Amino acid sequence: MIPQFLTIQNAISFEESKIPVLERDVWHQAILENCSVGKTRIVALFAEKKNEGLIRLYCILGNDGRKLLHIGATDIAGPNYRYPCLTNQLPEAHRFERELFEEFAVLPEGHPWLKPVRKQNGTSFYKLGGEQIHEVAVGPVHAGIIEPGHFRFQCYGEKVLHLEIQLGYQHRGVEALMVKSDPLRQAVLAESIAGDTTIGHGMAYCHAIEGLSERSITPQRSQSLRAIALELERLSNHAGDLGALASDVGFLPSAAYFGRLRGEFLNILMELTGNRYGRSFVRPGGVSLDITAEMVRDFKKQLSTALTEMKDLAELFFSASSVLSRLEQTGILKQNVARELGIVGMTARASNLLRDVRQDYPTGIYRIHKINPVKMITGDVYARAKIRSLESKRSLQFIQERLDALPHDKIAQPCGPLKKQSMIVSLIEGWRGEIAHVALTHSQGEIRRYKIVDPSFHNWMALSVVMQNGQISDFPLCNKSFNFSYAGHDL
Amino acid sequence: MWDILKNRWKQGYRTIDFPSKVEMPERFREATLKDGEPKLTKALDAKIQKLFGRSLKLRVVTAGSCNGCDLELQALNNVVFDLSRFGIQFVASPRHADGLVITGPVSRNMELALKKTYDAVPDPKIVIAVGACAISGGPFEGSPAVLNGADKVVPVDLYIPGCPPHPLIILDGLLQLLGRIEKRKGS
């Protein structure tokens with residue numbers, strides 16, 4: 001419990017007037033005291049311009065062990081907006097504070113380096129001196145079919161001493177567009193935050209709208225169908241990543257096989273939703289298409305085949321000594337480092353840090369039907385690969401259970417108008433990790449501020465950290481083992 | 001290993017043929033656009049067809065997309081769609097390419113990189129815009145951070161619609177551009 005902060009629940013709205021607005025130093029101290037113990041972490045830290053000369057900072061903290069969310073705010077006055085920075089004691093806040101500085105010109109006093117998060121001009125890079133040090137610059141246009149980002153390696157021979165990642169090339173201004181757009185477009189925009197997490201972001205948006213609306217009963221059948229779609233998305237991405245990892249280590253049999261398996265999951269998702277990535281399926285109030293009994297039978301058959309194939313393939317991949325020698329002890333992310341950086345999702349679970357929204361802050365069908373998260377201890381590329389195959393098995397079983405016990409009510413029930421002057425925090429465990437959407441409404445009941453935190457926003461730093469003192473030739477492998485989203489980070 | 005081989009043998013050949021006709025399932029028909037037939041791709045002129053018709057190397061530039069279209073382009077390379085059997089390949093450098101594939105609405109931050117990549121492709125070159133965003137900006141149209149489509153920066157020869165387009169739709173667009181589908185129908 002944090003006495004100064006308000007305790008809230010995932011996807012349940014609350015009146016804005018209930019948020020405690022603290023003195024700047026009390027707010028700062030409360031965050032530091034709770035997070036430094038290591039049990040609480042920052043879920044989101046963002047600002048909103050109240051009026052000329054006044055900016056309100058909101059901080060949402062998550063206590064995963066006790067399954068509690070807290071919120072606290074503070075007002076800072078202009079013209080020189082400043083507050084003592086959190087980054088020096090709490091490294092996980094660094095990207096949030098840089099974002100605050102970039103978007104609102106709020107100065108976190110004492111911040112070590114306010115390097116731009118998304119802007120391209122004024123970027124400087126850390127440089128090492130010395131005759132034998134060489135620099136490798138990659139991007140934004142890469143060799144493969146991947147998103148743009150710029151990587152700067154400072155190397156000594158093959159050894160990487162420092163890696164700096166400059167993102168922002170994918171910046172489309174989603175947060176600002178969300179406020180300007182009508183509800184129809186908002187849903188499409190939410191789904192376009194990251195193309196591989198369409199269902200995850202779509203669900204986070206829908207839970208936010210449903211929670212904010214004055215009357216909303218989301219039918220049980222649609223909740224089940226959403227969960228099925230979310231787990232199918234997880235499966236397809238995990239299978240795809242395992243295939244990519246296999247091709248990165250040159251183990252072609254499973255690369256080709258996993259690539260095909262990914263397609264099977266996408267095709268099931270297409271049969272269910274009409275689109276290989278599930279676009280326009282999850283909508284506020286329910287889902288857009290129903291499933292027939294025939295399809296249920298068909299899906300179950302396809303999924304049980306996929307389960308055996310997945311098992312065989314994982315056995316082949318994880319028992320080949322040439323694969324293991326590349327994966328094991330490569331790119332280790334230690335538990336304490338992961339905790340300090342505020343890493344979430346699958347990456348955290350691979351580093352022995354059990355963080356899973358489906359277990360910690362369950363919503364929808366996950367409140368009733370639990371899915372046990374998996375964790376690995378070692379935190380290397382092997383752990384991040386293995387956790388994908390283990391999670392896939394659990395997801396497959398979960399989908400089959402849900403298909404067996406589909407509720408028989410409606411698939412959609414329209415929501416009422418949004419509550420006035422309210423706020424909501426909506427968390428979803430996408431396949432990468434915790435997706436956070438925060439919405440605030442104004443006195444006419446329309447959204448006035450929409451904040452999105454993709455799991456990649458927390459996690460990108462992990463890649464720089466594991467590359468330190470690693471081989472530059474291991475970079476593709478490490479990068480693929482995380483597979484962070486550029487689009488989700490850049491928004 | 002033996003089980004997998006046995007399994008593969010049972011499943012047979014997994015690469016699919018390019019379908020001659022596709023029927024849309026009844027469930028989805030309501031949700032799609034009803035008015036009018038979409039404008040079909042015209043094949044490139046004979047001279048360019050002669051150059052690129054049997055071997056086309058493309059370079060993909062992601063310019064502010066959500067990654068959906070890129071995943072479908074990647075999927076074209078897997079065993080099911082096997083793009084290279086048509087003589088089309090994605091290459092690692094614009095200097096090795098005959099053309100560009102652009103996805104995303106072109107974010108302002110990618111404008112310069114896209115122009116430079118375009119300039120690096122040797123003439124004659126073709127440009128293909130894949131997905132709703134690259135055509136008009138898609139859901140991001142009107143955002144101050146994007147340029148509302150690839151044709152605002154470079155001239156585009158082929159638009160492939162979809163959000164994201166199915167790999168077969170991309171393949172269909174590419175083959176029609178190269179004049180290879182009409183030929184097959186005629187023969």
# chains A, B, ... in the order shown; residues from 1 in each chain; ligands from 1

call {"tool": "interface_residues", "arguments": {"of": "chain B", "to": "chain A", "cutoff": "9 Å", "atoms": "only C-alpha atoms", "output": "short mmCIF file (atom, residue, chain, number, x, y, z; two decimals) with N, CA, C and O atoms, in the first residue's frame"}}
result
data_model
loop_
_atom_site.label_atom_id
_atom_site.label_comp_id
_atom_site.auth_asym_id
_atom_site.auth_seq_id
_atom_site.Cartn_x
_atom_site.Cartn_y
_atom_site.Cartn_z
N MET B 1 14.07 -36.51 -34.93
CA MET B 1 14.34 -36.12 -36.32
C MET B 1 13.58 -37.04 -37.28
O MET B 1 12.94 -36.59 -38.21
N ASP B 3 10.90 -38.78 -36.75
CA ASP B 3 9.46 -38.51 -36.69
C ASP B 3 9.09 -37.33 -37.57
O ASP B 3 8.08 -37.33 -38.26
N ILE B 4 9.94 -36.31 -37.50
CA ILE B 4 9.64 -35.10 -38.27
C ILE B 4 9.69 -35.39 -39.76
O ILE B 4 8.82 -34.98 -40.52
N ASN B 7 6.67 -37.27 -40.68
CA ASN B 7 5.54 -36.36 -40.66
C ASN B 7 5.48 -35.52 -41.94
O ASN B 7 4.44 -35.34 -42.56
N ARG B 14 4.13 -28.51 -49.35
CA ARG B 14 3.35 -27.48 -48.68
C ARG B 14 3.28 -26.15 -49.42
O ARG B 14 2.56 -25.27 -49.04
N ARG B 27 -19.26 -15.34 -44.80
CA ARG B 27 -19.20 -14.60 -43.52
C ARG B 27 -18.63 -13.20 -43.68
O ARG B 27 -19.00 -12.29 -42.98
N PHE B 28 -17.66 -13.04 -44.57
CA PHE B 28 -16.95 -11.77 -44.65
C PHE B 28 -17.51 -10.85 -45.72
O PHE B 28 -17.13 -9.71 -45.81
N ARG B 59 13.83 -3.98 -53.04
CA ARG B 59 14.36 -3.57 -51.74
C ARG B 59 13.17 -3.00 -50.96
O ARG B 59 12.44 -2.16 -51.48
N VAL B 60 12.97 -3.47 -49.74
CA VAL B 60 11.84 -3.00 -48.93
C VAL B 60 12.28 -1.85 -48.03
O VAL B 60 13.31 -1.94 -47.36
N VAL B 61 11.51 -0.76 -48.05
CA VAL B 61 11.75 0.32 -47.10
C VAL B 61 10.50 0.50 -46.25
O VAL B 61 9.41 0.72 -46.76
N THR B 62 10.66 0.35 -44.94
CA THR B 62 9.56 0.56 -44.02
C THR B 62 9.59 2.02 -43.60
O THR B 62 10.56 2.46 -43.01
N ALA B 63 8.54 2.75 -43.95
CA ALA B 63 8.56 4.18 -43.65
C ALA B 63 7.35 4.55 -42.79
O ALA B 63 6.41 5.15 -43.25
N GLY B 64 7.40 4.12 -41.55
CA GLY B 64 6.33 4.48 -40.62
C GLY B 64 5.17 3.52 -40.59
O GLY B 64 4.10 3.88 -40.14
N SER B 65 5.36 2.30 -41.08
CA SER B 65 4.25 1.35 -41.04
C SER B 65 4.17 0.74 -39.65
O SER B 65 5.07 0.88 -38.84
N CYS B 66 3.06 0.02 -39.40
CA CYS B 66 2.91 -0.62 -38.09
C CYS B 66 3.62 -1.95 -38.06
O CYS B 66 3.57 -2.65 -37.07
N ASN B 67 4.24 -2.35 -39.16
CA ASN B 67 4.96 -3.62 -39.28
C ASN B 67 4.08 -4.73 -39.85
O ASN B 67 4.58 -5.79 -40.17
N GLY B 68 2.79 -4.49 -40.00
CA GLY B 68 1.90 -5.53 -40.52
C GLY B 68 2.26 -5.89 -41.95
O GLY B 68 2.43 -7.07 -42.28
N CYS B 69 2.40 -4.88 -42.82
CA CYS B 69 2.72 -5.14 -44.22
C CYS B 69 4.09 -5.81 -44.35
O CYS B 69 4.29 -6.66 -45.21
N ASP B 70 5.02 -5.41 -43.48
CA ASP B 70 6.36 -5.98 -43.55
C ASP B 70 6.35 -7.46 -43.21
O ASP B 70 7.06 -8.25 -43.80
N LEU B 71 5.47 -7.81 -42.23
CA LEU B 71 5.36 -9.23 -41.88
C LEU B 71 4.82 -10.03 -43.05
O LEU B 71 5.25 -11.15 -43.28
N LEU B 73 5.20 -9.24 -46.21
CA LEU B 73 6.27 -9.33 -47.20
C LEU B 73 7.27 -10.41 -46.81
O LEU B 73 7.76 -11.17 -47.65
N GLN B 74 7.55 -10.48 -45.50
CA GLN B 74 8.43 -11.54 -45.01
C GLN B 74 7.81 -12.90 -45.27
O GLN B 74 8.49 -13.84 -45.65
N ALA B 75 6.48 -12.98 -45.05
CA ALA B 75 5.79 -14.25 -45.21
C ALA B 75 5.88 -14.75 -46.65
O ALA B 75 5.84 -15.96 -46.89
N ASN B 78 8.39 -17.45 -47.14
CA ASN B 78 8.38 -18.75 -46.47
C ASN B 78 7.98 -19.86 -47.44
O ASN B 78 7.69 -19.62 -48.61
N VAL B 79 7.98 -21.08 -46.94
CA VAL B 79 7.81 -22.23 -47.84
C VAL B 79 6.44 -22.27 -48.51
O VAL B 79 6.28 -22.87 -49.57
N VAL B 80 5.46 -21.63 -47.90
CA VAL B 80 4.11 -21.71 -48.45
C VAL B 80 3.98 -20.86 -49.71
O VAL B 80 3.41 -21.29 -50.70
N PHE B 90 13.72 -10.37 -52.57
CA PHE B 90 14.04 -9.17 -51.79
C PHE B 90 15.52 -9.16 -51.51
O PHE B 90 16.08 -10.16 -51.04
N VAL B 91 16.18 -8.04 -51.80
CA VAL B 91 17.63 -7.98 -51.64
C VAL B 91 18.00 -7.03 -50.50
O VAL B 91 17.19 -6.24 -50.04
N ALA B 92 19.27 -7.10 -50.10
CA ALA B 92 19.70 -6.40 -48.89
C ALA B 92 20.09 -4.95 -49.14
O ALA B 92 20.16 -4.17 -48.21
N SER B 93 20.37 -4.59 -50.38
CA SER B 93 20.83 -3.22 -50.61
C SER B 93 20.07 -2.60 -51.78
O SER B 93 19.77 -3.28 -52.76
N GLY B 104 3.97 1.80 -45.20
CA GLY B 104 3.80 2.88 -44.22
C GLY B 104 3.52 4.21 -44.87
O GLY B 104 3.80 4.42 -46.05
N PRO B 105 2.96 5.16 -44.10
CA PRO B 105 2.53 6.44 -44.65
C PRO B 105 3.68 7.42 -44.93
O PRO B 105 3.42 8.55 -45.31
N VAL B 106 4.90 7.00 -44.76
CA VAL B 106 6.12 7.81 -44.81
C VAL B 106 6.11 8.86 -43.70
O VAL B 106 5.55 9.95 -43.84
N SER B 107 6.70 8.48 -42.59
CA SER B 107 6.81 9.41 -41.46
C SER B 107 7.84 10.48 -41.82
O SER B 107 8.73 10.24 -42.63
N ARG B 108 7.67 11.65 -41.24
CA ARG B 108 8.62 12.73 -41.54
C ARG B 108 10.05 12.32 -41.22
O ARG B 108 10.99 12.70 -41.91
N ASN B 109 10.20 11.50 -40.19
CA ASN B 109 11.53 11.07 -39.80
C ASN B 109 12.17 10.11 -40.81
O ASN B 109 13.37 9.91 -40.80
N MET B 110 11.35 9.53 -41.67
CA MET B 110 11.89 8.60 -42.65
C MET B 110 12.00 9.22 -44.04
O MET B 110 12.47 8.58 -44.98
N ALA B 113 15.61 9.36 -45.42
CA ALA B 113 16.14 8.00 -45.64
C ALA B 113 15.50 7.38 -46.87
O ALA B 113 16.17 6.71 -47.66
N LEU B 114 14.19 7.62 -47.07
CA LEU B 114 13.51 7.05 -48.22
C LEU B 114 14.03 7.67 -49.52
O LEU B 114 14.28 6.96 -50.50
N THR B 117 17.42 6.26 -50.28
CA THR B 117 17.33 4.88 -50.76
C THR B 117 16.85 4.86 -52.20
O THR B 117 17.36 4.11 -53.03
N PRO B 139 -4.92 4.96 -41.72
CA PRO B 139 -5.48 5.52 -40.50
C PRO B 139 -4.71 6.74 -39.99
O PRO B 139 -5.22 7.49 -39.17
N PHE B 140 -3.49 6.93 -40.49
CA PHE B 140 -2.67 8.04 -39.98
C PHE B 140 -2.82 9.29 -40.83
O PHE B 140 -2.13 10.28 -40.60
N GLY B 142 -3.46 12.73 -42.26
CA GLY B 142 -3.72 13.99 -41.60
C GLY B 142 -2.88 14.25 -40.37
O GLY B 142 -2.92 15.34 -39.80
N SER B 143 -2.10 13.25 -39.93
CA SER B 143 -1.23 13.49 -38.78
C SER B 143 -0.06 14.38 -39.21
O SER B 143 0.50 14.19 -40.28
N PRO B 144 0.30 15.35 -38.38
CA PRO B 144 1.42 16.21 -38.76
C PRO B 144 2.75 15.47 -38.86
O PRO B 144 3.70 15.95 -39.47
N ALA B 145 2.83 14.26 -38.30
CA ALA B 145 4.09 13.53 -38.31
C ALA B 145 4.28 12.66 -39.55
O ALA B 145 5.33 12.08 -39.74
N VAL B 146 3.24 12.56 -40.41
CA VAL B 146 3.39 11.72 -41.59
C VAL B 146 3.10 12.51 -42.87
O VAL B 146 2.50 13.59 -42.82
N CYS B 163 -4.90 -4.09 -45.52
CA CYS B 163 -4.41 -3.63 -44.22
C CYS B 163 -4.28 -4.79 -43.26
O CYS B 163 -5.14 -5.03 -42.46
N PRO B 164 -3.18 -5.52 -43.32
CA PRO B 164 -2.20 -5.56 -44.40
C PRO B 164 -2.71 -6.46 -45.54
O PRO B 164 -3.54 -7.30 -45.30
N HIS B 166 -2.94 -9.56 -47.95
CA HIS B 166 -2.56 -10.97 -47.83
C HIS B 166 -1.38 -11.23 -48.77
O HIS B 166 -1.31 -10.63 -49.85
#

call {"tool": "residues_around", "arguments": {"residues": "Leu390 in chain A", "least_positions_apart": "4", "cutoff": "10 Å", "atoms": "only C-alpha atoms", "output": "PyMOL selection string"}}
result
chain A and resi 238+310-311+314+373-376+385-386+394-395

call {"tool": "write_last_selection", "arguments": {"atoms": "all heavy atoms", "output": "mmCIF file, in the first residue's frame"}}
result
data_model
loop_
_atom_site.group_PDB
_atom_site.id
_atom_site.type_symbol
_atom_site.label_atom_id
_atom_site.label_comp_id
_atom_site.auth_asym_id
_atom_site.auth_seq_id
_atom_site.Cartn_x
_atom_site.Cartn_y
_atom_site.Cartn_z
ATOM 1 N N HIS A 238 5.164 -16.204 -31.495
ATOM 2 C CA HIS A 238 6.185 -17.065 -30.890
ATOM 3 C C HIS A 238 6.733 -18.047 -31.932
ATOM 4 O O HIS A 238 7.939 -18.254 -32.018
ATOM 5 C CB HIS A 238 5.596 -17.829 -29.698
ATOM 6 C CG HIS A 238 5.506 -16.997 -28.448
ATOM 7 N ND1 HIS A 238 6.016 -15.723 -28.362
ATOM 8 C CD2 HIS A 238 4.977 -17.251 -27.228
ATOM 9 C CE1 HIS A 238 5.802 -15.238 -27.157
ATOM 10 N NE2 HIS A 238 5.162 -16.134 -26.438
ATOM 11 N N MET A 310 4.343 -28.626 -32.879
ATOM 12 C CA MET A 310 5.121 -27.702 -32.060
ATOM 13 C C MET A 310 6.039 -28.492 -31.133
ATOM 14 O O MET A 310 7.203 -28.143 -30.949
ATOM 15 C CB MET A 310 4.136 -26.857 -31.245
ATOM 16 C CG MET A 310 4.728 -25.636 -30.635
ATOM 17 S SD MET A 310 4.699 -24.320 -31.842
ATOM 18 C CE MET A 310 5.501 -23.042 -30.939
ATOM 19 N N LYS A 311 5.500 -29.572 -30.559
ATOM 20 C CA LYS A 311 6.268 -30.388 -29.611
ATOM 21 C C LYS A 311 7.456 -31.040 -30.316
ATOM 22 O O LYS A 311 8.596 -30.966 -29.848
ATOM 23 C CB LYS A 311 5.350 -31.455 -29.012
ATOM 24 C CG LYS A 311 5.639 -31.762 -27.555
ATOM 25 C CD LYS A 311 4.633 -32.752 -27.018
ATOM 26 C CE LYS A 311 5.352 -34.013 -26.610
ATOM 27 N NZ LYS A 311 4.491 -35.193 -26.658
ATOM 28 N N ALA A 314 10.042 -28.329 -31.371
ATOM 29 C CA ALA A 314 10.796 -27.792 -30.246
ATOM 30 C C ALA A 314 11.838 -28.813 -29.815
ATOM 31 O O ALA A 314 12.972 -28.458 -29.495
ATOM 32 C CB ALA A 314 9.854 -27.457 -29.103
ATOM 33 N N PRO A 373 1.610 -18.517 -15.903
ATOM 34 C CA PRO A 373 2.789 -18.048 -16.640
ATOM 35 C C PRO A 373 3.988 -18.972 -16.420
ATOM 36 O O PRO A 373 4.064 -19.678 -15.428
ATOM 37 C CB PRO A 373 3.044 -16.663 -16.058
ATOM 38 C CG PRO A 373 2.333 -16.610 -14.769
ATOM 39 C CD PRO A 373 1.268 -17.648 -14.786
ATOM 40 N N VAL A 374 4.902 -18.925 -17.390
ATOM 41 C CA VAL A 374 6.118 -19.735 -17.320
ATOM 42 C C VAL A 374 7.268 -18.788 -17.036
ATOM 43 O O VAL A 374 7.262 -17.657 -17.504
ATOM 44 C CB VAL A 374 6.426 -20.389 -18.686
ATOM 45 C CG1 VAL A 374 7.317 -21.578 -18.517
ATOM 46 C CG2 VAL A 374 5.166 -20.732 -19.428
ATOM 47 N N LYS A 375 8.266 -19.235 -16.304
ATOM 48 C CA LYS A 375 9.465 -18.417 -16.216
ATOM 49 C C LYS A 375 10.706 -19.260 -16.347
ATOM 50 O O LYS A 375 10.692 -20.454 -16.092
ATOM 51 C CB LYS A 375 9.487 -17.586 -14.936
ATOM 52 C CG LYS A 375 9.742 -18.337 -13.673
ATOM 53 C CD LYS A 375 9.941 -17.368 -12.519
ATOM 54 C CE LYS A 375 10.186 -18.168 -11.243
ATOM 55 N NZ LYS A 375 10.423 -17.319 -10.099
ATOM 56 N N MET A 376 11.778 -18.597 -16.813
ATOM 57 C CA MET A 376 13.054 -19.267 -16.951
ATOM 58 C C MET A 376 14.034 -18.543 -16.056
ATOM 59 O O MET A 376 13.823 -17.398 -15.670
ATOM 60 C CB MET A 376 13.552 -19.207 -18.392
ATOM 61 C CG MET A 376 12.659 -19.888 -19.414
ATOM 62 S SD MET A 376 12.759 -21.664 -19.348
ATOM 63 C CE MET A 376 14.406 -21.962 -19.933
ATOM 64 N N ALA A 385 14.219 -18.178 -26.011
ATOM 65 C CA ALA A 385 13.680 -19.059 -27.045
ATOM 66 C C ALA A 385 12.800 -20.137 -26.417
ATOM 67 O O ALA A 385 11.693 -20.387 -26.853
ATOM 68 C CB ALA A 385 14.823 -19.697 -27.830
ATOM 69 N N LYS A 386 13.307 -20.727 -25.343
ATOM 70 C CA LYS A 386 12.595 -21.830 -24.691
ATOM 71 C C LYS A 386 11.251 -21.348 -24.137
ATOM 72 O O LYS A 386 10.252 -22.051 -24.216
ATOM 73 C CB LYS A 386 13.480 -22.381 -23.562
ATOM 74 C CG LYS A 386 12.937 -23.619 -22.901
ATOM 75 C CD LYS A 386 13.232 -24.859 -23.710
ATOM 76 C CE LYS A 386 12.550 -26.077 -23.089
ATOM 77 N NZ LYS A 386 12.590 -27.234 -23.963
ATOM 78 N N ARG A 394 1.139 -23.733 -23.451
ATOM 79 C CA ARG A 394 0.076 -23.310 -22.520
ATOM 80 C C ARG A 394 -1.043 -22.593 -23.272
ATOM 81 O O ARG A 394 -2.220 -22.787 -22.988
ATOM 82 C CB ARG A 394 0.648 -22.355 -21.470
ATOM 83 C CG ARG A 394 1.713 -22.986 -20.626
ATOM 84 C CD ARG A 394 1.306 -23.097 -19.184
ATOM 85 N NE ARG A 394 2.189 -24.031 -18.532
ATOM 86 C CZ ARG A 394 2.834 -23.797 -17.412
ATOM 87 N NH1 ARG A 394 2.646 -22.657 -16.781
ATOM 88 N NH2 ARG A 394 3.627 -24.687 -16.873
ATOM 89 N N SER A 395 -0.645 -21.730 -24.220
ATOM 90 C CA SER A 395 -1.665 -20.985 -24.962
ATOM 91 C C SER A 395 -2.540 -21.919 -25.779
ATOM 92 O O SER A 395 -3.751 -21.755 -25.832
ATOM 93 C CB SER A 395 -1.013 -19.966 -25.893
ATOM 94 O OG SER A 395 -0.372 -18.981 -25.144
#

call {"tool": "closest_residue", "arguments": {"among": "A:Leu266, A:Leu6, A:Ile472, A:Leu114", "to": "Phe151 in chain A", "atoms": "only C-alpha atoms"}}
result
A:Ile472

call {"tool": "residues_around", "arguments": {"residues": "Pro167 in chain B", "least_positions_apart": "2", "cutoff": "7 Å", "atoms": "only C-alpha atoms", "output": "list in words"}}
result
Glu72, Leu73, Ala75, Leu76, Pro165, Ile169, Ile170 and Leu171 of chain B

call {"tool": "write_last_selection", "arguments": {"atoms": "N, CA and C atoms", "output": "compact mmCIF listing (two decimals), in the first residue's frame"}}
result
# COMPACT_ATOMS: atom_id res chain seq x y z
N GLU B 72 3.88 -9.44 -43.80
CA GLU B 72 3.34 -10.16 -44.94
C GLU B 72 4.36 -10.26 -46.06
N LEU B 73 5.20 -9.24 -46.21
CA LEU B 73 6.27 -9.33 -47.20
C LEU B 73 7.27 -10.41 -46.81
N ALA B 75 6.48 -12.98 -45.05
CA ALA B 75 5.79 -14.25 -45.21
C ALA B 75 5.88 -14.75 -46.65
N LEU B 76 6.02 -13.83 -47.61
CA LEU B 76 6.15 -14.24 -49.01
C LEU B 76 7.37 -15.12 -49.22
N PRO B 165 -2.19 -6.28 -46.77
CA PRO B 165 -2.60 -7.18 -47.86
C PRO B 165 -2.12 -8.60 -47.60
N ILE B 169 -2.23 -11.44 -52.29
CA ILE B 169 -2.61 -10.19 -52.96
C ILE B 169 -1.36 -9.46 -53.44
N ILE B 170 -0.32 -9.46 -52.60
CA ILE B 170 0.94 -8.83 -53.01
C ILE B 170 1.50 -9.55 -54.24
N LEU B 171 1.47 -10.89 -54.16
CA LEU B 171 1.98 -11.70 -55.26
C LEU B 171 1.20 -11.42 -56.54

call {"tool": "select_by_dssp", "arguments": {"residues": "range 219-417 of chain A", "states": "helix (DSSP H, G or I)", "output": "PyMOL selection string"}}
result
chain A and resi 220-248+252-273+293-319+321-327+335-341+345-350+357-360+364-367+381-404

call {"tool": "residues_around", "arguments": {"residues": "Ile399 in chain A", "least_positions_apart": "4", "cutoff": "9 Å", "atoms": "only C-alpha atoms", "output": "MDAnalysis selection string"}}
result
chainID A and resid 227:229 231:232 300 303 394:395 403:404

call {"tool": "residues_around", "arguments": {"residues": "range 200-212 of chain A", "least_positions_apart": "2", "cutoff": "7 Å", "atoms": "only C-alpha atoms", "output": "ChimeraX atom specification"}}
result
/A:11-13,187,190-191,197-198,214,216,230,282-285,415,418-419,424-428,430,435,437,439

call {"tool": "residues_around", "arguments": {"residues": "range 456-461 of chain A", "least_positions_apart": "6", "cutoff": "6 Å", "atoms": "only C-alpha atoms", "output": "PDB file with N, CA and C atoms, in the first residue's frame"}}
result
ATOM      1  N   ILE A 343      11.906  -4.067 -16.879  1.00  0.00           N
ATOM      2  CA  ILE A 343      11.564  -4.905 -18.031  1.00  0.00           C
ATOM      3  C   ILE A 343      10.240  -5.638 -17.750  1.00  0.00           C
ATOM      4  N   PHE A 484      11.795  -6.655 -30.280  1.00  0.00           N
ATOM      5  CA  PHE A 484      11.007  -5.516 -29.823  1.00  0.00           C
ATOM      6  C   PHE A 484      10.346  -4.815 -31.002  1.00  0.00           C
ATOM      7  N   SER A 485       9.321  -4.047 -30.668  1.00  0.00           N
ATOM      8  CA  SER A 485       8.593  -3.339 -31.712  1.00  0.00           C
ATOM      9  C   SER A 485       9.123  -1.917 -31.846  1.00  0.00           C
ATOM     10  N   HIS A 489       7.109   1.451 -29.984  1.00  0.00           N
ATOM     11  CA  HIS A 489       7.891   2.415 -29.222  1.00  0.00           C
ATOM     12  C   HIS A 489       7.697   3.828 -29.765  1.00  0.00           C
TER      13      HIS A 489
END

call {"tool": "residues_around", "arguments": {"residues": "Tyr366 in chain A", "least_positions_apart": "3", "cutoff": "10 Å", "atoms": "only C-alpha atoms", "output": "PyMOL selection string"}}
result
chain A and resi 223-224+227+357-359+361-363+369-371

call {"tool": "select_by_dssp", "arguments": {"residues": "range 100-185 of chain A", "states": "strand (DSSP E)", "output": "VMD selection string"}}
result
chain A and resid 107 to 109 133 to 138 150 to 156 159 to 166

call {"tool": "atom_distance", "arguments": {"atom1": "CA of Gln89 in chain B", "atom2": "CA of Lys57 in chain B"}}
result
4.9 Å
